[in-house]
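This report concerns only the one structure given below.
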Amino acid sequence: KISKYLKKLLPFILAILIITVYVFQAVQYTRTIEPVMDEGTYLLKGKWYWEDTYQPFEENGPLTNKTPFSFYILGISQILFKPGLASGRYFVVFLSVLLLIGQWLTVKRLAGSWWACLSISRYLISPAWIIHFSRAMTQVVTSLIIVWSLYFFLGKDRTRVQLLIGAILSATTIMVRQNMLP
């Protein structure tokens with residue numbers, strides 16, 4: 001009995017271990033990788049928009065070349081925590097953990113626990129992927145929203161509420177990154 005229970009629990013334990021290793025590595029990269037201009041832009045404009053210093057597309061305001069959601073979502077970190085690049089990056093690491101959980105749950109439902117572990121373990125293969133998901137940029141937010149929209153869309157016996165949540169999240173994806181429209 002214990003062996004059966006442990007065998008069933010093993011993929012879940014492995015998933016927790018994968019996510020833990022991912023978080024450890026991501027936090028290390030948040031401290032060492034060089035900043036890119038977009039990170040500061042998203043964080044600063046988001047902070048200004050939340051504080052009502054400026055409004056998106058305001059005349060004589062900062063250039064808003066992306067959708068307002070991209071700034072608001074990442075700017076939350078500047079309002080909730082200490083303003084700066086570090087809080088933005090730690091916030092994105094938190095969002096990427098939510099992404100991994102959503103991906104694990106989606107793949108688990110569709111293919112089983114072992115495939116779910118395999119799907120999230122790919123994030124540990126290359127440091128470039130971890131670095132990519134450790135920067136305060138909209139790619140993490142977009143991926144998170146897509147993964148959770150798929151969670152609500154895919155699988156047998158989806159309820160109307162689940163499909164509605166999936167549709168809202170899909171629409172939100174475009175409101176974060178307009179290049180996702182196609």
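Following the order of the structure tokens, first chain is A, next is B, and so on, with residues numbered from 1 inside each chain and ligands from 1 in the order they appear.
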
message = Please list as a ChimeraX atom specification every residue within 9 Å of range 144-157 of chain A, counting only C-alpha atoms and excluding residues in the same chain fewer than 4 positions away.
response = /A:95-96,98-100,102-103,105-107,109-110,139-140,161-170,172-173

Keeping only C-alpha atoms, write the selected residues to a file as a PDB file, in the first residue's frame.
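New file selection.pdb:
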ATOM      1  CA  LEU A  95       4.569  34.862 -11.811  1.00  0.00           C
ATOM      2  CA  SER A  96       6.749  32.264 -13.516  1.00  0.00           C
ATOM      3  CA  LEU A  98       2.358  30.370 -11.218  1.00  0.00           C
ATOM      4  CA  LEU A  99       3.066  29.644 -14.887  1.00  0.00           C
ATOM      5  CA  LEU A 100       4.815  26.369 -14.002  1.00  0.00           C
ATOM      6  CA  GLY A 102      -0.595  26.091 -14.451  1.00  0.00           C
ATOM      7  CA  GLN A 103       1.421  24.182 -17.023  1.00  0.00           C
ATOM      8  CA  LEU A 105      -1.934  21.129 -13.956  1.00  0.00           C
ATOM      9  CA  THR A 106      -2.853  21.422 -17.645  1.00  0.00           C
ATOM     10  CA  VAL A 107      -0.509  18.687 -18.827  1.00  0.00           C
ATOM     11  CA  ARG A 109      -5.108  16.678 -16.861  1.00  0.00           C
ATOM     12  CA  LEU A 110      -4.374  15.910 -20.517  1.00  0.00           C
ATOM     13  CA  GLN A 139       6.923  37.561 -22.005  1.00  0.00           C
ATOM     14  CA  VAL A 140       6.430  36.038 -18.560  1.00  0.00           C
ATOM     15  CA  VAL A 161     -17.735  29.149 -16.524  1.00  0.00           C
ATOM     16  CA  GLN A 162     -14.363  27.525 -17.215  1.00  0.00           C
ATOM     17  CA  LEU A 163     -14.668  28.312 -20.926  1.00  0.00           C
ATOM     18  CA  LEU A 164     -15.623  31.896 -20.106  1.00  0.00           C
ATOM     19  CA  ILE A 165     -12.581  32.269 -17.841  1.00  0.00           C
ATOM     20  CA  GLY A 166     -10.407  30.830 -20.610  1.00  0.00           C
ATOM     21  CA  ALA A 167     -11.881  33.289 -23.121  1.00  0.00           C
ATOM     22  CA  ILE A 168     -11.315  36.243 -20.782  1.00  0.00           C
ATOM     23  CA  LEU A 169      -7.717  35.182 -20.228  1.00  0.00           C
ATOM     24  CA  SER A 170      -7.195  34.755 -23.977  1.00  0.00           C
ATOM     25  CA  THR A 172      -6.250  39.552 -21.780  1.00  0.00           C
ATOM     26  CA  THR A 173      -3.229  38.074 -23.564  1.00  0.00           C
TER      27      THR A 173
END

Please give the complete set of residues from range 10-139 of chain A that DSSP, run on the backbone, assigns to helix (DSSP H, G or I), formatted as a PyMOL selection string.
chain A and resi 10-32+37-50+68-80+85-111+113-124+127-132+138-139

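Minimum atom-to-atom distance to Glu34 in chain A, evaluated using only C-alpha atoms, belongs to A:Ser134 out of A:Ser119, A:Phe94, A:Ser134, A:Gly112.
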
So that I can check the surroundings of Asp38 in chain A, please list as a ChimeraX atom specification every protein, DNA and RNA residue that reaches within 12 Å of it, counting only C-alpha atoms and ignoring chain neighbours fewer than 4 positions away.
/A:34,42-46,65-66,70-71,74,85,88,135-139

Please write the residues from the selection above to a file, keeping N, CA and C atoms, as a tab-separated table (two decimals), in the first residue's frame.
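For reference, part-v2.tsv as written:
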chain	number	residue	atom	x	y	z
A	34	GLU	N	22.41	41.21	-16.44
A	34	GLU	CA	22.40	42.63	-16.78
A	34	GLU	C	20.98	43.08	-17.11
A	42	TYR	N	8.90	49.13	-18.46
A	42	TYR	CA	7.67	48.54	-17.95
A	42	TYR	C	7.44	48.89	-16.49
A	43	LEU	N	8.48	48.80	-15.70
A	43	LEU	CA	8.34	49.03	-14.26
A	43	LEU	C	8.05	50.50	-13.95
A	44	LEU	N	8.81	51.41	-14.55
A	44	LEU	CA	8.63	52.83	-14.25
A	44	LEU	C	7.29	53.36	-14.76
A	45	LYS	N	6.96	53.03	-15.99
A	45	LYS	CA	5.67	53.50	-16.52
A	45	LYS	C	4.51	52.88	-15.75
A	46	GLY	N	4.64	51.62	-15.40
A	46	GLY	CA	3.60	50.98	-14.59
A	46	GLY	C	3.41	51.66	-13.26
A	65	ASN	N	4.12	52.70	-26.17
A	65	ASN	CA	4.18	51.94	-27.41
A	65	ASN	C	3.66	50.51	-27.26
A	66	LYS	N	3.22	50.16	-26.09
A	66	LYS	CA	2.62	48.86	-25.82
A	66	LYS	C	1.25	49.09	-25.20
A	70	SER	N	0.37	45.87	-20.17
A	70	SER	CA	1.76	45.42	-20.03
A	70	SER	C	2.48	46.26	-18.98
A	71	PHE	N	2.13	47.51	-18.86
A	71	PHE	CA	2.75	48.38	-17.86
A	71	PHE	C	2.09	48.21	-16.49
A	74	LEU	N	3.12	44.72	-14.68
A	74	LEU	CA	4.47	44.71	-14.11
A	74	LEU	C	4.67	45.84	-13.11
A	85	LEU	N	14.35	47.54	-9.78
A	85	LEU	CA	14.48	46.39	-10.66
A	85	LEU	C	14.34	45.08	-9.91
A	88	GLY	N	10.75	44.10	-9.22
A	88	GLY	CA	10.13	43.70	-10.47
A	88	GLY	C	10.54	42.31	-10.89
A	135	ARG	N	13.48	38.10	-16.05
A	135	ARG	CA	13.50	39.54	-16.37
A	135	ARG	C	12.09	40.10	-16.26
A	136	ALA	N	11.98	41.32	-15.80
A	136	ALA	CA	10.68	41.98	-15.63
A	136	ALA	C	10.17	42.45	-17.00
A	137	MET	N	9.69	41.50	-17.77
A	137	MET	CA	9.22	41.79	-19.12
A	137	MET	C	7.90	41.07	-19.36
A	138	THR	N	7.21	41.46	-20.40
A	138	THR	CA	5.86	40.94	-20.64
A	138	THR	C	5.82	39.51	-21.14
A	139	GLN	N	6.94	38.94	-21.54
A	139	GLN	CA	6.92	37.56	-22.00
A	139	GLN	C	6.46	36.61	-20.90

Report as a list in words all protein, DNA and RNA residues lying within 10 Å of Leu124 in chain A, evaluated on only C-alpha atoms, omitting residues in the same chain fewer than 5 positions from it.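 Close residues of Leu124 in chain A: Ile18, Ile19, Val21, Tyr22, Gln25, Ala26, Trp129 and Ile130 of chain A.
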
Please produce an output containing N, CA, C and O atoms for each residue in the selection, written as an mmCIF file, in the first residue's frame.
data_model
loop_
_atom_site.group_PDB
_atom_site.id
_atom_site.type_symbol
_atom_site.label_atom_id
_atom_site.label_comp_id
_atom_site.auth_asym_id
_atom_site.auth_seq_id
_atom_site.Cartn_x
_atom_site.Cartn_y
_atom_site.Cartn_z
ATOM 1 N N ILE A 18 11.288 20.272 -8.812
ATOM 2 C CA ILE A 18 11.625 21.007 -10.041
ATOM 3 C C ILE A 18 11.364 22.492 -9.859
ATOM 4 O O ILE A 18 12.205 23.338 -10.188
ATOM 5 N N ILE A 19 10.207 22.825 -9.308
ATOM 6 C CA ILE A 19 9.855 24.234 -9.109
ATOM 7 C C ILE A 19 10.794 24.883 -8.093
ATOM 8 O O ILE A 19 11.218 26.028 -8.263
ATOM 9 N N VAL A 21 13.970 24.046 -7.454
ATOM 10 C CA VAL A 21 15.261 24.266 -8.119
ATOM 11 C C VAL A 21 15.155 25.443 -9.087
ATOM 12 O O VAL A 21 16.051 26.289 -9.160
ATOM 13 N N TYR A 22 14.042 25.507 -9.802
ATOM 14 C CA TYR A 22 13.822 26.621 -10.725
ATOM 15 C C TYR A 22 13.853 27.956 -9.975
ATOM 16 O O TYR A 22 14.526 28.895 -10.398
ATOM 17 N N GLN A 25 17.386 28.905 -8.863
ATOM 18 C CA GLN A 25 18.200 29.393 -9.972
ATOM 19 C C GLN A 25 17.719 30.760 -10.460
ATOM 20 O O GLN A 25 18.526 31.645 -10.749
ATOM 21 N N ALA A 26 16.412 30.935 -10.558
ATOM 22 C CA ALA A 26 15.868 32.207 -11.046
ATOM 23 C C ALA A 26 16.242 33.353 -10.114
ATOM 24 O O ALA A 26 16.608 34.442 -10.579
ATOM 25 N N TRP A 129 16.646 29.899 -20.633
ATOM 26 C CA TRP A 129 15.208 29.929 -20.351
ATOM 27 C C TRP A 129 14.932 30.543 -18.989
ATOM 28 O O TRP A 129 13.992 31.320 -18.824
ATOM 29 N N ILE A 130 15.749 30.175 -18.014
ATOM 30 C CA ILE A 130 15.550 30.729 -16.669
ATOM 31 C C ILE A 130 15.822 32.227 -16.679
ATOM 32 O O ILE A 130 15.069 33.004 -16.078
#

Correct to one decimal, the distance CA of Gln178 in chain A-CA of Asn60 in chain A is 23.0 Å

Using only C-alpha atoms, which protein or nucleic acid residues come within 8 Å of Ala15 in chain A? Drop anything in the same chain fewer than 3 positions from it, and give the result as a PyMOL selection string. chain A and resi 11-12+18-19+104+117+120

How would the residues just chosen look if you wrote them out with C-alpha atoms as a PDB file, in the first residue's frame?
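This is the output file part_24.pdb:
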ATOM      1  CA  PRO A  11       5.367  12.935  -9.649  1.00  0.00           C
ATOM      2  CA  PHE A  12       3.887  15.575  -7.345  1.00  0.00           C
ATOM      3  CA  ILE A  18      11.625  21.007 -10.041  1.00  0.00           C
ATOM      4  CA  ILE A  19       9.855  24.234  -9.109  1.00  0.00           C
ATOM      5  CA  TRP A 104       1.798  21.213 -14.689  1.00  0.00           C
ATOM      6  CA  CYS A 117       6.763  16.742 -14.679  1.00  0.00           C
ATOM      7  CA  ILE A 120       8.029  21.702 -16.501  1.00  0.00           C
TER       8      ILE A 120
END

I'd like the interatomic distance between CA of Pro56 in chain A and CA of His132 in chain A, to a tenth of an Å.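 Result for CA of Pro56 in chain A versus CA of His132 in chain A: 26.3 Å, one decimal.
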
Skip Gln78 in chain A itself and residues of its chain fewer than 4 positions away, then list as a VMD selection string all residues within 7 Å of it, counting only C-alpha atoms.
-> chain A and resid 43 47 82 to 84 87 to 88

Query raised in the report: Quick one, how far is CA of Glu39 in chain A from CA of Ala128 in chain A?
Result: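 Going from CA of Glu39 in chain A over to CA of Ala128 in chain A, I get 16.8 Å.
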